[in-house]
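Chemist: What follows is coords_2.tsv, TSV, C-alpha atoms.
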chain	number	residue	atom	x	y	z
A	1	MET	CA	-12.39	-14.30	-25.34
A	2	SER	CA	-12.06	-17.78	-23.83
A	3	ASN	CA	-12.10	-18.13	-20.09
A	4	SER	CA	-10.95	-21.43	-18.58
A	5	SER	CA	-12.97	-20.87	-15.41
A	6	PHE	CA	-16.26	-21.19	-17.31
A	7	SER	CA	-18.16	-24.29	-18.41
A	8	THR	CA	-17.82	-25.34	-22.01
A	9	LYS	CA	-21.26	-26.96	-21.84
A	10	LEU	CA	-23.13	-23.97	-20.47
A	11	PRO	CA	-20.92	-21.03	-21.50
A	12	ASN	CA	-22.15	-18.44	-18.99
A	13	LEU	CA	-21.74	-20.80	-16.05
A	14	GLN	CA	-18.63	-20.08	-14.03
A	15	LEU	CA	-17.12	-23.21	-12.50
A	16	ALA	CA	-13.90	-21.90	-10.89
A	17	TRP	CA	-14.67	-19.16	-8.40
A	18	ASP	CA	-12.61	-16.81	-6.31
A	19	SER	CA	-13.63	-14.28	-3.68
A	20	THR	CA	-13.76	-11.47	-6.26
A	21	SER	CA	-16.20	-13.20	-8.58
A	22	LEU	CA	-18.26	-14.60	-5.72
A	23	GLY	CA	-18.34	-11.16	-4.10
A	24	ALA	CA	-19.47	-9.64	-7.40
A	25	LEU	CA	-22.36	-12.09	-7.67
A	26	LYS	CA	-23.37	-11.47	-4.06
A	27	THR	CA	-23.22	-7.70	-4.60
A	28	CYS	CA	-25.39	-7.57	-7.70
A	29	PRO	CA	-26.04	-10.16	-10.44
A	30	ARG	CA	-25.87	-7.43	-13.11
A	31	TYR	CA	-22.55	-6.20	-11.76
A	32	TYR	CA	-21.32	-9.81	-11.88
A	33	GLN	CA	-22.51	-10.17	-15.48
A	34	LEU	CA	-20.79	-7.00	-16.66
A	35	SER	CA	-17.54	-7.25	-14.69
A	36	ILE	CA	-16.88	-11.01	-14.57
A	37	ILE	CA	-18.80	-12.72	-17.38
A	38	GLU	CA	-18.44	-9.95	-19.96
A	39	GLY	CA	-15.22	-8.60	-18.42
A	40	TYR	CA	-15.91	-4.88	-18.65
A	41	THR	CA	-13.53	-2.70	-16.70
A	42	GLY	CA	-12.69	1.01	-16.60
A	43	ARG	CA	-10.39	2.38	-19.28
A	44	THR	CA	-7.98	3.76	-16.71
A	45	THR	CA	-6.09	1.47	-14.36
A	46	ASN	CA	-7.66	1.25	-10.94
A	47	VAL	CA	-5.05	3.01	-8.83
A	48	HIS	CA	-6.19	1.35	-5.60
A	49	LEU	CA	-5.89	-2.13	-7.09
A	50	ALA	CA	-2.50	-1.30	-8.63
A	51	PHE	CA	-1.19	0.15	-5.38
A	52	GLY	CA	-2.43	-2.86	-3.42
A	53	GLN	CA	-0.72	-5.23	-5.85
A	54	HIS	CA	2.58	-3.34	-5.62
A	55	TYR	CA	2.36	-3.25	-1.81
A	56	HIS	CA	1.63	-6.96	-1.60
A	57	LYS	CA	4.39	-7.86	-4.03
A	58	ALA	CA	7.04	-5.86	-2.18
A	59	LEU	CA	6.11	-7.36	1.18
A	60	GLU	CA	5.97	-10.83	-0.33
A	61	ARG	CA	9.52	-10.25	-1.52
A	62	TYR	CA	10.43	-9.47	2.09
A	63	ASP	CA	8.66	-12.60	3.40
A	64	HIS	CA	10.46	-14.78	0.88
A	65	ALA	CA	13.85	-13.24	1.57
A	66	ARG	CA	13.46	-13.79	5.32
A	67	CYS	CA	12.44	-17.39	4.75
A	68	GLU	CA	15.52	-17.86	2.57
A	69	GLY	CA	17.74	-16.70	5.43
A	70	ALA	CA	18.17	-12.98	4.73
A	71	THR	CA	18.56	-10.62	7.67
A	72	PHE	CA	15.88	-8.02	8.37
A	73	GLU	CA	18.01	-5.30	6.77
A	74	GLU	CA	18.76	-7.33	3.64
A	75	ALA	CA	15.15	-8.36	3.20
A	76	GLN	CA	13.95	-4.79	3.70
A	77	LEU	CA	16.27	-3.58	0.93
A	78	GLU	CA	14.93	-6.28	-1.38
A	79	ALA	CA	11.38	-5.17	-0.66
A	80	VAL	CA	12.21	-1.53	-1.41
A	81	ASN	CA	14.01	-2.49	-4.59
A	82	GLN	CA	10.99	-4.54	-5.66
A	83	ALA	CA	8.67	-1.58	-5.06
A	84	LEU	CA	10.93	0.78	-7.00
A	85	SER	CA	11.34	-1.69	-9.83
A	86	ASP	CA	7.60	-2.40	-10.12
A	87	THR	CA	6.74	1.30	-10.19
A	88	TRP	CA	9.18	2.28	-12.90
A	89	ASP	CA	7.46	3.01	-16.19
A	90	ALA	CA	10.08	1.61	-18.55
A	91	ALA	CA	8.19	2.62	-21.68
A	92	ARG	CA	8.23	6.29	-20.69
A	93	ASN	CA	11.49	6.06	-18.73
A	94	ARG	CA	9.96	7.69	-15.69
A	95	PRO	CA	8.37	6.68	-12.38
A	96	TRP	CA	4.79	5.35	-12.35
A	97	ASP	CA	2.47	8.34	-12.25
A	98	SER	CA	-0.68	7.30	-10.43
A	99	GLU	CA	-2.00	10.88	-10.31
A	100	HIS	CA	-3.22	10.07	-6.81
A	101	PRO	CA	-1.93	12.04	-3.80
A	102	ASN	CA	-2.23	9.09	-1.40
A	103	LYS	CA	-1.31	6.16	-3.58
A	104	ASN	CA	1.82	6.67	-5.64
A	105	ARG	CA	5.44	5.52	-5.86
A	106	MET	CA	6.56	7.68	-2.94
A	107	THR	CA	3.81	6.59	-0.56
A	108	LEU	CA	4.32	2.98	-1.65
A	109	VAL	CA	8.00	2.93	-0.73
A	110	ARG	CA	7.27	4.80	2.49
A	111	SER	CA	4.50	2.35	3.41
A	112	VAL	CA	6.70	-0.66	2.75
A	113	VAL	CA	9.54	0.69	4.91
A	114	TRP	CA	7.23	1.88	7.68
A	115	TYR	CA	5.32	-1.42	7.70
A	116	LEU	CA	8.50	-3.42	8.12
A	117	GLU	CA	9.69	-1.04	10.87
A	118	GLU	CA	6.32	-1.26	12.62
A	119	PHE	CA	6.47	-5.07	12.67
A	120	ARG	CA	10.23	-5.43	12.88
A	121	ASN	CA	9.90	-7.75	15.88
A	122	ASP	CA	6.82	-9.48	14.59
A	123	PRO	CA	5.41	-12.01	17.08
A	124	ILE	CA	3.84	-13.87	14.16
A	125	GLU	CA	6.02	-16.69	12.89
A	126	THR	CA	5.58	-17.93	9.33
A	127	VAL	CA	4.30	-21.51	9.29
A	128	LYS	CA	6.42	-24.17	7.65
A	129	LEU	CA	4.41	-26.51	5.47
A	130	LYS	CA	4.89	-30.28	5.56
A	131	SER	CA	6.98	-29.90	2.41
A	132	GLY	CA	9.40	-27.78	4.44
A	133	LYS	CA	8.55	-24.65	2.44
A	134	PRO	CA	7.46	-21.44	4.15
A	135	ALA	CA	3.74	-20.77	3.93
A	136	VAL	CA	3.89	-17.52	1.98
A	137	GLU	CA	2.19	-16.57	-1.29
A	138	LEU	CA	0.04	-19.66	-1.32
A	139	SER	CA	-2.26	-20.41	-4.20
A	140	PHE	CA	-5.14	-22.74	-3.53
A	141	ARG	CA	-7.70	-24.54	-5.64
A	142	TRP	CA	-10.10	-27.16	-4.35
A	143	ALA	CA	-13.12	-29.02	-5.65
A	144	THR	CA	-16.23	-28.30	-3.64
A	145	ASP	CA	-18.93	-30.91	-3.07
A	146	TYR	CA	-21.18	-28.86	-5.31
A	147	SER	CA	-21.71	-29.53	-8.99
A	148	SER	CA	-23.89	-28.17	-11.75
A	149	LEU	CA	-27.33	-29.75	-11.80
A	150	GLY	CA	-27.46	-29.39	-15.56
A	151	THR	CA	-23.96	-30.28	-16.74
A	152	GLY	CA	-22.64	-32.33	-13.82
A	153	GLU	CA	-19.40	-30.35	-13.75
A	154	SER	CA	-17.83	-29.65	-10.34
A	155	PHE	CA	-17.51	-26.19	-8.88
A	156	LEU	CA	-14.01	-25.18	-7.76
A	157	TYR	CA	-12.94	-22.53	-5.29
A	158	CYS	CA	-9.56	-20.86	-5.73
A	159	GLY	CA	-7.48	-17.90	-4.60
A	160	HIS	CA	-4.26	-16.79	-2.98
A	161	LEU	CA	-3.18	-16.34	0.63
A	162	ASP	CA	-0.46	-13.90	1.65
A	163	ARG	CA	0.88	-15.99	4.50
A	164	LEU	CA	0.04	-18.50	7.20
A	165	GLY	CA	1.35	-17.44	10.58
A	166	GLN	CA	1.64	-18.90	14.04
A	167	PHE	CA	0.47	-16.56	16.78
A	168	GLN	CA	-0.12	-17.37	20.47
A	169	GLY	CA	-0.39	-21.08	19.77
A	170	GLY	CA	-2.84	-20.78	16.89
A	171	THR	CA	-2.49	-20.67	13.11
A	172	TYR	CA	-3.92	-17.71	11.23
A	173	VAL	CA	-4.19	-16.52	7.65
A	174	CYS	CA	-2.30	-13.22	7.53
A	175	ASP	CA	-3.60	-10.59	5.14
A	176	ARG	CA	-2.63	-7.00	4.38
A	177	LYS	CA	-5.10	-4.30	3.46
A	178	THR	CA	-4.55	-0.71	2.43
A	179	SER	CA	-7.00	2.17	2.71
A	180	ARG	CA	-7.08	5.94	2.37
A	181	HIS	CA	-9.35	6.07	5.39
A	182	LEU	CA	-8.73	5.70	9.10
A	183	VAL	CA	-7.51	2.22	9.95
A	184	ASP	CA	-8.55	1.23	13.45
A	185	GLN	CA	-10.56	-1.49	15.17
A	186	ARG	CA	-13.67	-0.32	13.34
A	187	PHE	CA	-11.84	-0.90	10.06
A	188	ILE	CA	-11.00	-4.44	11.20
A	189	ASP	CA	-14.60	-5.02	12.35
A	190	GLY	CA	-15.66	-4.22	8.79
A	191	PHE	CA	-14.21	-7.61	7.79
A	192	SER	CA	-16.53	-9.59	10.02
A	193	PRO	CA	-18.45	-11.19	8.46
A	194	SER	CA	-16.39	-11.37	5.29
A	195	ASN	CA	-16.92	-13.32	2.11
A	196	GLN	CA	-13.20	-13.16	1.33
A	197	PHE	CA	-11.84	-14.11	4.75
A	198	ALA	CA	-14.29	-16.92	5.52
A	199	GLY	CA	-13.30	-18.42	2.17
A	200	TYR	CA	-9.61	-18.03	3.01
A	201	CYS	CA	-9.99	-19.78	6.37
A	202	LEU	CA	-11.94	-22.68	4.96
A	203	SER	CA	-9.54	-22.99	2.02
A	204	ALA	CA	-6.49	-22.98	4.29
A	205	ASN	CA	-8.04	-25.71	6.45
A	206	LEU	CA	-8.85	-27.85	3.43
A	207	THR	CA	-5.82	-27.39	1.20
A	208	PHE	CA	-2.90	-27.00	3.57
A	209	SER	CA	-4.09	-29.40	6.29
A	210	VAL	CA	-3.55	-26.70	8.89
A	211	PRO	CA	-6.29	-26.00	11.45
A	212	VAL	CA	-6.71	-22.25	11.00
A	213	LYS	CA	-8.28	-20.23	13.80
A	214	GLY	CA	-8.92	-17.07	11.86
A	215	ILE	CA	-7.42	-14.09	10.07
A	216	ILE	CA	-4.87	-11.52	11.18
A	217	VAL	CA	-5.37	-8.31	9.22
A	218	ASP	CA	-2.61	-5.73	9.00
A	219	GLY	CA	-4.43	-2.60	7.91
A	220	ALA	CA	-2.45	0.33	6.51
A	221	GLN	CA	-3.90	3.82	6.28
A	222	ILE	CA	-2.11	5.44	3.36
A	223	ALA	CA	-2.23	9.20	3.90
A	224	VAL	CA	-0.38	11.87	1.94
A	225	THR	CA	2.19	12.49	4.67
A	226	PHE	CA	2.16	9.28	6.71
A	227	THR	CA	1.16	5.62	6.86
A	228	ARG	CA	-0.53	4.35	10.01
A	229	PHE	CA	-1.01	0.67	10.82
A	230	HIS	CA	-3.46	-1.33	12.86
A	231	ARG	CA	-3.36	-5.08	13.37
A	232	GLY	CA	-6.59	-6.92	14.11
A	233	LEU	CA	-7.60	-10.50	14.65
A	234	ILE	CA	-10.81	-12.15	13.46
A	235	GLU	CA	-11.55	-15.69	14.58
A	236	TYR	CA	-13.80	-18.11	12.73
A	237	SER	CA	-15.47	-21.10	14.40
A	238	THR	CA	-16.07	-24.35	12.54
A	239	SER	CA	-19.80	-23.64	12.56
A	240	GLN	CA	-19.21	-20.23	10.96
A	241	LEU	CA	-17.14	-21.80	8.19
A	242	GLU	CA	-19.82	-24.46	7.66
A	243	GLU	CA	-22.39	-21.70	7.35
A	244	TRP	CA	-20.29	-19.89	4.73
A	245	TYR	CA	-19.84	-23.16	2.83
A	246	LYS	CA	-23.59	-23.79	2.86
A	247	GLY	CA	-24.07	-20.31	1.43
A	248	LEU	CA	-21.48	-21.08	-1.25
A	249	GLY	CA	-23.67	-23.91	-2.55
A	250	PHE	CA	-26.66	-21.58	-2.63
A	251	TRP	CA	-24.74	-18.99	-4.67
A	252	PHE	CA	-23.45	-21.62	-7.12
A	253	ALA	CA	-27.07	-22.72	-7.68
A	254	GLN	CA	-28.07	-19.07	-8.18
A	255	ALA	CA	-25.24	-18.62	-10.70
A	256	GLU	CA	-26.46	-21.64	-12.63
A	257	PHE	CA	-30.04	-20.37	-12.55
A	258	PHE	CA	-28.94	-17.00	-13.95
A	259	ALA	CA	-26.75	-18.67	-16.59
A	260	ARG	CA	-29.65	-20.85	-17.79
A	261	GLN	CA	-31.92	-17.81	-18.07
A	262	ALA	CA	-29.07	-15.75	-19.55
A	263	TYR	CA	-30.41	-13.02	-17.31
A	264	TRP	CA	-28.71	-11.35	-14.37
A	265	PRO	CA	-31.09	-8.94	-12.65
A	266	MET	CA	-29.99	-5.66	-11.07
A	267	ASN	CA	-29.77	-5.33	-7.33
A	268	GLU	CA	-30.55	-1.63	-7.12
A	269	MET	CA	-29.81	-1.65	-3.39
A	270	SER	CA	-26.08	-2.00	-4.15
A	271	CYS	CA	-25.72	0.82	-6.67
A	272	ASN	CA	-24.49	3.42	-4.20
A	273	ASN	CA	-22.36	1.26	-1.90
A	274	TYR	CA	-18.62	1.88	-1.52
A	275	GLY	CA	-18.59	5.11	-3.45
A	276	GLY	CA	-20.94	3.85	-6.16
A	277	CYS	CA	-20.88	0.99	-8.64
A	278	PRO	CA	-18.79	1.70	-11.77
A	279	PHE	CA	-21.75	0.57	-13.89
A	280	LYS	CA	-24.30	2.82	-12.17
A	281	GLY	CA	-24.28	5.21	-15.13
A	282	ILE	CA	-24.87	2.34	-17.56
A	283	CYS	CA	-27.68	0.79	-15.54
A	284	SER	CA	-29.35	4.21	-15.28
A	285	LEU	CA	-29.80	4.30	-19.06
A	286	PRO	CA	-32.69	2.71	-20.96
A	287	PRO	CA	-31.71	-0.90	-21.81
A	288	GLU	CA	-31.51	-0.22	-25.55
A	289	GLN	CA	-28.80	2.42	-25.04
A	290	ARG	CA	-26.54	0.49	-22.67
A	291	GLN	CA	-24.44	-1.59	-25.03
A	292	GLN	CA	-23.22	1.42	-26.99
A	293	TRP	CA	-22.26	3.26	-23.81
A	294	LEU	CA	-20.56	0.19	-22.38
A	295	GLU	CA	-18.39	-0.15	-25.46
A	296	ASN	CA	-17.54	3.53	-25.47
A	297	SER	CA	-16.81	3.92	-21.77
A	298	PHE	CA	-15.23	0.61	-20.78
A	299	THR	CA	-12.64	-1.79	-22.03
A	300	LYS	CA	-12.60	-5.59	-21.72
A	301	ARG	CA	-10.38	-8.03	-19.87
A	302	THR	CA	-10.77	-11.68	-18.97
A	303	TRP	CA	-11.41	-12.42	-15.32
A	304	ASP	CA	-10.17	-15.96	-14.88
A	305	PRO	CA	-9.57	-17.06	-11.27
A	306	LEU	CA	-7.50	-19.96	-12.58
A	307	GLN	CA	-5.04	-17.49	-14.11
A	308	VAL	CA	-5.03	-14.13	-12.32
A	309	ARG	CA	-4.66	-12.80	-8.84
A	310	GLY	CA	-7.24	-10.14	-8.09
A	311	ASP	CA	-8.28	-10.64	-4.50
A	312	ILE	CA	-6.14	-7.88	-3.02
B	1	MET	CA	33.05	16.06	7.27
B	2	ALA	CA	30.68	14.20	5.00
B	3	ASP	CA	31.12	10.47	4.73
B	4	PRO	CA	31.67	8.89	1.29
B	5	LEU	CA	28.17	7.41	1.24
B	6	SER	CA	26.54	10.79	1.69
B	7	GLU	CA	28.67	12.44	-0.93
B	8	ALA	CA	27.56	9.91	-3.51
B	9	LEU	CA	23.89	10.67	-2.96
B	10	PRO	CA	21.61	13.34	-4.34
B	11	SER	CA	20.18	15.91	-1.98
B	12	SER	CA	16.59	14.75	-1.58
B	13	ILE	CA	14.51	11.60	-1.32
B	14	ASP	CA	12.47	12.84	-4.28
B	15	GLU	CA	15.58	12.69	-6.40
B	16	LEU	CA	16.59	9.30	-5.02
B	17	MET	CA	13.21	7.82	-5.85
B	18	SER	CA	13.02	9.35	-9.31
B	19	THR	CA	15.91	7.24	-10.49
B	20	TYR	CA	15.88	3.73	-11.88
B	21	PRO	CA	17.68	1.42	-12.03
B	22	ILE	CA	19.05	2.14	-8.60
B	23	PRO	CA	22.81	2.58	-9.08
B	24	ASN	CA	23.80	0.64	-5.99
B	25	ASP	CA	22.63	-0.59	-2.60
B	26	ASP	CA	23.81	2.62	-0.94
B	27	TRP	CA	20.92	4.40	-2.62
B	28	LEU	CA	18.48	1.81	-1.33
B	29	ARG	CA	19.97	2.11	2.15
B	30	ALA	CA	19.63	5.87	1.99
B	31	ILE	CA	15.95	5.58	1.05
B	32	VAL	CA	15.35	3.20	3.93
B	33	GLN	CA	17.25	5.40	6.39
B	34	ALA	CA	15.39	8.46	5.20
B	35	GLU	CA	12.03	6.78	5.61
B	36	ARG	CA	13.00	5.48	9.05
B	37	ALA	CA	13.96	8.99	10.09
B	38	ALA	CA	10.78	10.38	8.59
B	39	ARG	CA	8.75	7.82	10.52
B	40	GLU	CA	10.41	8.84	13.75
B	41	LEU	CA	9.66	12.50	13.03
B	42	TRP	CA	6.05	11.65	12.30
B	43	ALA	CA	5.74	9.53	15.46
B	44	LYS	CA	7.16	12.38	17.53
B	45	ASP	CA	4.72	14.85	16.00
B	46	GLU	CA	1.87	12.43	16.68
B	47	ALA	CA	2.95	12.08	20.30
B	48	ASP	CA	3.10	15.88	20.59
B	49	GLY	CA	-0.36	16.18	19.06
B	50	LYS	CA	0.99	17.92	15.96
B	51	ARG	CA	0.02	17.11	12.42
B	52	ARG	CA	2.88	17.22	9.99
B	53	ALA	CA	2.07	19.38	7.01
B	54	THR	CA	5.12	18.82	4.85
B	55	ARG	CA	5.46	15.77	2.69
B	56	VAL	CA	8.24	13.54	3.87
B	57	THR	CA	9.59	13.32	0.37
B	58	GLY	CA	10.22	17.06	0.42
B	59	ILE	CA	12.64	16.69	3.28
B	60	THR	CA	16.25	16.86	2.22
B	61	LEU	CA	18.67	14.16	3.16
B	62	ALA	CA	20.62	16.86	4.99
B	63	GLU	CA	17.63	17.48	7.25
B	64	LEU	CA	17.58	13.80	8.04
B	65	GLY	CA	21.27	13.79	8.79
B	66	LEU	CA	22.12	11.61	5.80
B	67	ALA	CA	23.97	14.19	3.75
B	68	PRO	CA	25.96	17.32	4.50
B	69	LYS	CA	24.04	20.59	4.54
B	70	PRO	CA	24.81	22.59	1.40
Could the structure of this file be written out as structure tokens, please?
Modeler:
Amino acid sequence: MSNSSFSTKLPNLQLAWDSTSLGALKTCPRYYQLSIIEGYTGRTTNVHLAFGQHYHKALERYDHARCEGATFEEAQLEAVNQALSDTWDAARNRPWDSEHPNKNRMTLVRSVVWYLEEFRNDPIETVKLKSGKPAVELSFRWATDYSSLGTGESFLYCGHLDRLGQFQGGTYVCDRKTSRHLVDQRFIDGFSPSNQFAGYCLSANLTFSVPVKGIIVDGAQIAVTFTRFHRGLIEYSTSQLEEWYKGLGFWFAQAEFFARQAYWPMNEMSCNNYGGCPFKGICSLPPEQRQQWLENSFTKRTWDPLQVRGDI
Amino acid sequence: MADPLSEALPSSIDELMSTYPIPNDDWLRAIVQAERAARELWAKDEADGKRRATRVTGITLAELGLAPKP
């Protein structure tokens, strides 16, 4: 399968990166190889990713409607309609069945309505870009100063921002996160430091010419019978962003080194993090047995940061 | 006496949400009103230190004051 984010001169060298692929490499080179380069993914849809995408899309619909002049009530109805529409399984003529007690069509609609009620009088104002357009659903792509030592090709960094907002005189990247677990200040603190958010701040500064002070995270705890929210703020100094950018160059060089060797070693210290790596069972097998099990247990998709949105 | 909006609706949020396409905006409004009411119930229970055991979707629209009791 062709992937436009990879070099044509050194095929295993990724040139266009997003926070998902960079995070995968930082987590474990073998995980990066299997999930990004080779594109293996579970046979069943990841319910958490699907729910997050539906949640984001519905609230983006709300943001857009408000920016286009809709009242709160009108925009809220549009968001609910979007959620209902996106979770209708047209092929089976029935609602999306996630088989998950916390993350399903009902809890999605509830979370969208409750979120908008919670932040009905939101003190955050959406930034207007120089073009006059509201700063919502922003895709970014920028050329870093780093390039491949072997091929000379430039490394790009890309991704998507939910929204840029003005809050207490500063500009922030606004991001929404969902979790089954308790969402409180400790949840917010879990995003500092953050590969994803540091990249967002730097990217917003560079691509939208807006001096961004940090990230505002709206966390949503999706329980079976309720949704609870917590808003947190994480600031990034210029020196912190410079540090992240320096690290970015290091990781690009690492990626090139691995690509040249065509070898991505395991980081066994990551196998049990966050509920366990999906490839833990594969990596536990003798090397000669892995390919067969990979093909039987996983399916393939192309992870191309120039095409898809995956950084939910 | 039930208002025309309520009479046009099914009896529960479950039923409302199991339908697509949504016949009209009244259905969407009913879903939103039901979830608003459910949120208020939950917030009250939280303030009282109670944990709500029933799923909000199991609540009938009549319980939420959106449809006449059968």
Chemist: Looking at all atoms listed in the file, which of A:Asn296, A:Thr151, A:Ser209, A:Asn81 is the one that sits closest to Asp25 in chain B?
Modeler: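 Closest to Asp25 in chain B, using all atoms listed in the file: A:Asn81.
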Chemist: Neighbours of Pro21 in chain B within 12 Å (only C-alpha atoms; same-chain residues fewer than 3 positions away dropped), as an NGL selection string?
Modeler: (:A and (81-90 or 93-95)) or (:B and (16-18 or 24-25 or 27-28))
Chemist: Have a look at A:Thr302, A:Gln196, A:Gln221, A:Thr27 and name the one nearest to Ser270 in chain A; count all atoms listed in the file.
Modeler: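 Answer, going by the shortest atom-to-atom distance: A:Thr27.
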Chemist: So what do you get for CA of Glu137 in chain A versus CA of Gln168 in chain A, distance-wise?
Modeler: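 Spanning CA of Glu137 in chain A to CA of Gln168 in chain A is a straight-line distance of 21.9 Å.
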Chemist: Measuring atom to atom with only C-alpha atoms, identify which of B:Glu15, B:Asp45, B:Asp26, B:Glu35 is nearest to chain A.
Modeler: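 Closest to chain A, using only C-alpha atoms: B:Glu35.
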Chemist: Find the residues around Gly165 in chain A up to 7 Å (all atoms listed in the file counted), leave out those fewer than 3 positions away in its own chain, and share them as a tab-separated table (two decimals) with C-alpha atoms, keeping the file's coordinate frame.
Modeler:
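around-v2.tsv, freshly written:
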chain	number	residue	atom	x	y	z
A	124	ILE	CA	3.84	-13.87	14.16
A	125	GLU	CA	6.02	-16.69	12.89
A	126	THR	CA	5.58	-17.93	9.33
A	127	VAL	CA	4.30	-21.51	9.29
A	171	THR	CA	-2.49	-20.67	13.11
A	172	TYR	CA	-3.92	-17.71	11.23
A	173	VAL	CA	-4.19	-16.52	7.65
A	174	CYS	CA	-2.30	-13.22	7.53
Chemist: Between CA of Ile37 in chain A and CA of Asn272 in chain A, what is the spacing in Å?
Modeler: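 Taking CA of Asn272 in chain A and CA of Ile37 in chain A, their separation equals 21.6 Å.
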Chemist: Once you count only C-alpha atoms, what closest atom pair and distance in Å to one decimal does each residue of chain A within 12 Å of chain B have, with rows by chain and rising residue number, as a tab-separated table?
Modeler:
residue	atom	partner	partner_atom	distance
A:Glu73	CA	B:Arg29	CA	8.9
A:Glu74	CA	B:Arg29	CA	9.6
A:Ala75	CA	B:Arg29	CA	11.6
A:Gln76	CA	B:Val32	CA	8.1
A:Leu77	CA	B:Leu28	CA	6.2
A:Glu78	CA	B:Leu28	CA	8.8
A:Ala79	CA	B:Leu28	CA	10.0
A:Val80	CA	B:Leu28	CA	7.1
A:Asn81	CA	B:Leu28	CA	7.0
A:Gln82	CA	B:Leu28	CA	10.7
A:Ala83	CA	B:Met17	CA	10.5
A:Leu84	CA	B:Met17	CA	7.5
A:Ser85	CA	B:Tyr20	CA	7.4
A:Asp86	CA	B:Tyr20	CA	10.5
A:Thr87	CA	B:Tyr20	CA	9.6
A:Trp88	CA	B:Tyr20	CA	6.9
A:Asp89	CA	B:Tyr20	CA	9.5
A:Ala90	CA	B:Tyr20	CA	9.1
A:Arg92	CA	B:Tyr20	CA	11.9
A:Asn93	CA	B:Tyr20	CA	8.5
A:Arg94	CA	B:Ser18	CA	7.3
A:Pro95	CA	B:Ser18	CA	6.2
A:Trp96	CA	B:Ser18	CA	9.6
A:Asp97	CA	B:Ser18	CA	11.0
A:Pro101	CA	B:Arg55	CA	10.5
A:Asn102	CA	B:Arg55	CA	11.0
A:Asn104	CA	B:Met17	CA	11.4
A:Arg105	CA	B:Met17	CA	8.1
A:Met106	CA	B:Thr57	CA	7.2
A:Thr107	CA	B:Thr57	CA	8.9
A:Leu108	CA	B:Met17	CA	11.0
A:Val109	CA	B:Glu35	CA	8.4
A:Arg110	CA	B:Glu35	CA	6.0
A:Ser111	CA	B:Glu35	CA	9.0
A:Val112	CA	B:Val32	CA	9.5
A:Val113	CA	B:Val32	CA	6.4
A:Trp114	CA	B:Arg39	CA	6.8
A:Tyr115	CA	B:Arg39	CA	10.3
A:Leu116	CA	B:Arg36	CA	10.0
A:Glu117	CA	B:Arg36	CA	7.5
A:Glu118	CA	B:Arg39	CA	9.6
A:Arg120	CA	B:Arg36	CA	11.9
A:Ala223	CA	B:Arg55	CA	10.2
A:Val224	CA	B:Arg55	CA	7.1
A:Thr225	CA	B:Arg55	CA	5.0
A:Phe226	CA	B:Trp42	CA	7.2
A:Thr227	CA	B:Arg39	CA	8.7
A:Arg228	CA	B:Ala43	CA	9.8
Chemist: Determine, counting only C-alpha atoms, every residue of protein, DNA or RNA that lies within 10 Å of (-12.1, 1.7, -19.4) in the file coordinates, then give the result as a list in words.
Modeler: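 The distance filter leaves exactly Tyr40, Thr41, Gly42, Arg43, Thr44, Thr45, Asn46, Leu294, Glu295, Asn296, Ser297, Phe298, Thr299, Lys300 and Arg301 of chain A.
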Chemist: Just how far from CA of Trp244 in chain A is CA of Gln14 in chain A, in Å to one decimal?
Modeler: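 Separating CA of Gln14 in chain A from CA of Trp244 in chain A is a distance of 18.8 Å.
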Chemist: Using all atoms listed in the file, which residues sit within 7 Å of Phe229 in chain A once same-chain residues fewer than 2 positions away are excluded, as a PyMOL selection string?
Modeler: chain A and resi 183+218-221+227+231
Chemist: Restrict the selected residues to C-alpha atoms and save them as a PDB file, in the frame of the given file.
Modeler:
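Writing done, so here's out_27.pdb:
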ATOM      1  CA  VAL A 183      -7.510   2.220   9.950  1.00  0.00           C
ATOM      2  CA  ASP A 218      -2.610  -5.730   9.000  1.00  0.00           C
ATOM      3  CA  GLY A 219      -4.430  -2.600   7.910  1.00  0.00           C
ATOM      4  CA  ALA A 220      -2.450   0.330   6.510  1.00  0.00           C
ATOM      5  CA  GLN A 221      -3.900   3.820   6.280  1.00  0.00           C
ATOM      6  CA  THR A 227       1.160   5.620   6.860  1.00  0.00           C
ATOM      7  CA  ARG A 231      -3.360  -5.080  13.370  1.00  0.00           C
TER       8      ARG A 231
END
Chemist: Nearest to Ser5 in chain A among A:Ile215, A:Ala65, A:Leu156, A:Val136, with distances taken over only C-alpha atoms: which residue is it?
Modeler: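 Closest candidate: A:Leu156.
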Chemist: Listed atoms of range 20-26 of chain B, axis-aligned box, 3 Å per side: centre and edge lengths to one decimal in Å, as AutoDock Vina command-line options?
Modeler:
--center_x 19.8 --center_y 1.6 --center_z -6.5 --size_x 13.9 --size_y 10.3 --size_z 17.1
Chemist: Considering all atoms listed in the file, return as a PyMOL selection string whatever protein or nucleic-acid residues lie within 9 Å of Arg176 in chain A, sequence-local ones (same chain, fewer than 5 positions apart) excluded.
Modeler: chain A and resi 52+55-56+162+216-220+312
Chemist: With C-alpha atoms retained, could you export that selection as a PDB file, in the frame of the given file?
Modeler:
ATOM      1  CA  GLY A  52      -2.430  -2.860  -3.420  1.00  0.00           C
ATOM      2  CA  TYR A  55       2.360  -3.250  -1.810  1.00  0.00           C
ATOM      3  CA  HIS A  56       1.630  -6.960  -1.600  1.00  0.00           C
ATOM      4  CA  ASP A 162      -0.460 -13.900   1.650  1.00  0.00           C
ATOM      5  CA  ILE A 216      -4.870 -11.520  11.180  1.00  0.00           C
ATOM      6  CA  VAL A 217      -5.370  -8.310   9.220  1.00  0.00           C
ATOM      7  CA  ASP A 218      -2.610  -5.730   9.000  1.00  0.00           C
ATOM      8  CA  GLY A 219      -4.430  -2.600   7.910  1.00  0.00           C
ATOM      9  CA  ALA A 220      -2.450   0.330   6.510  1.00  0.00           C
ATOM     10  CA  ILE A 312      -6.140  -7.880  -3.020  1.00  0.00           C
TER      11      ILE A 312
END
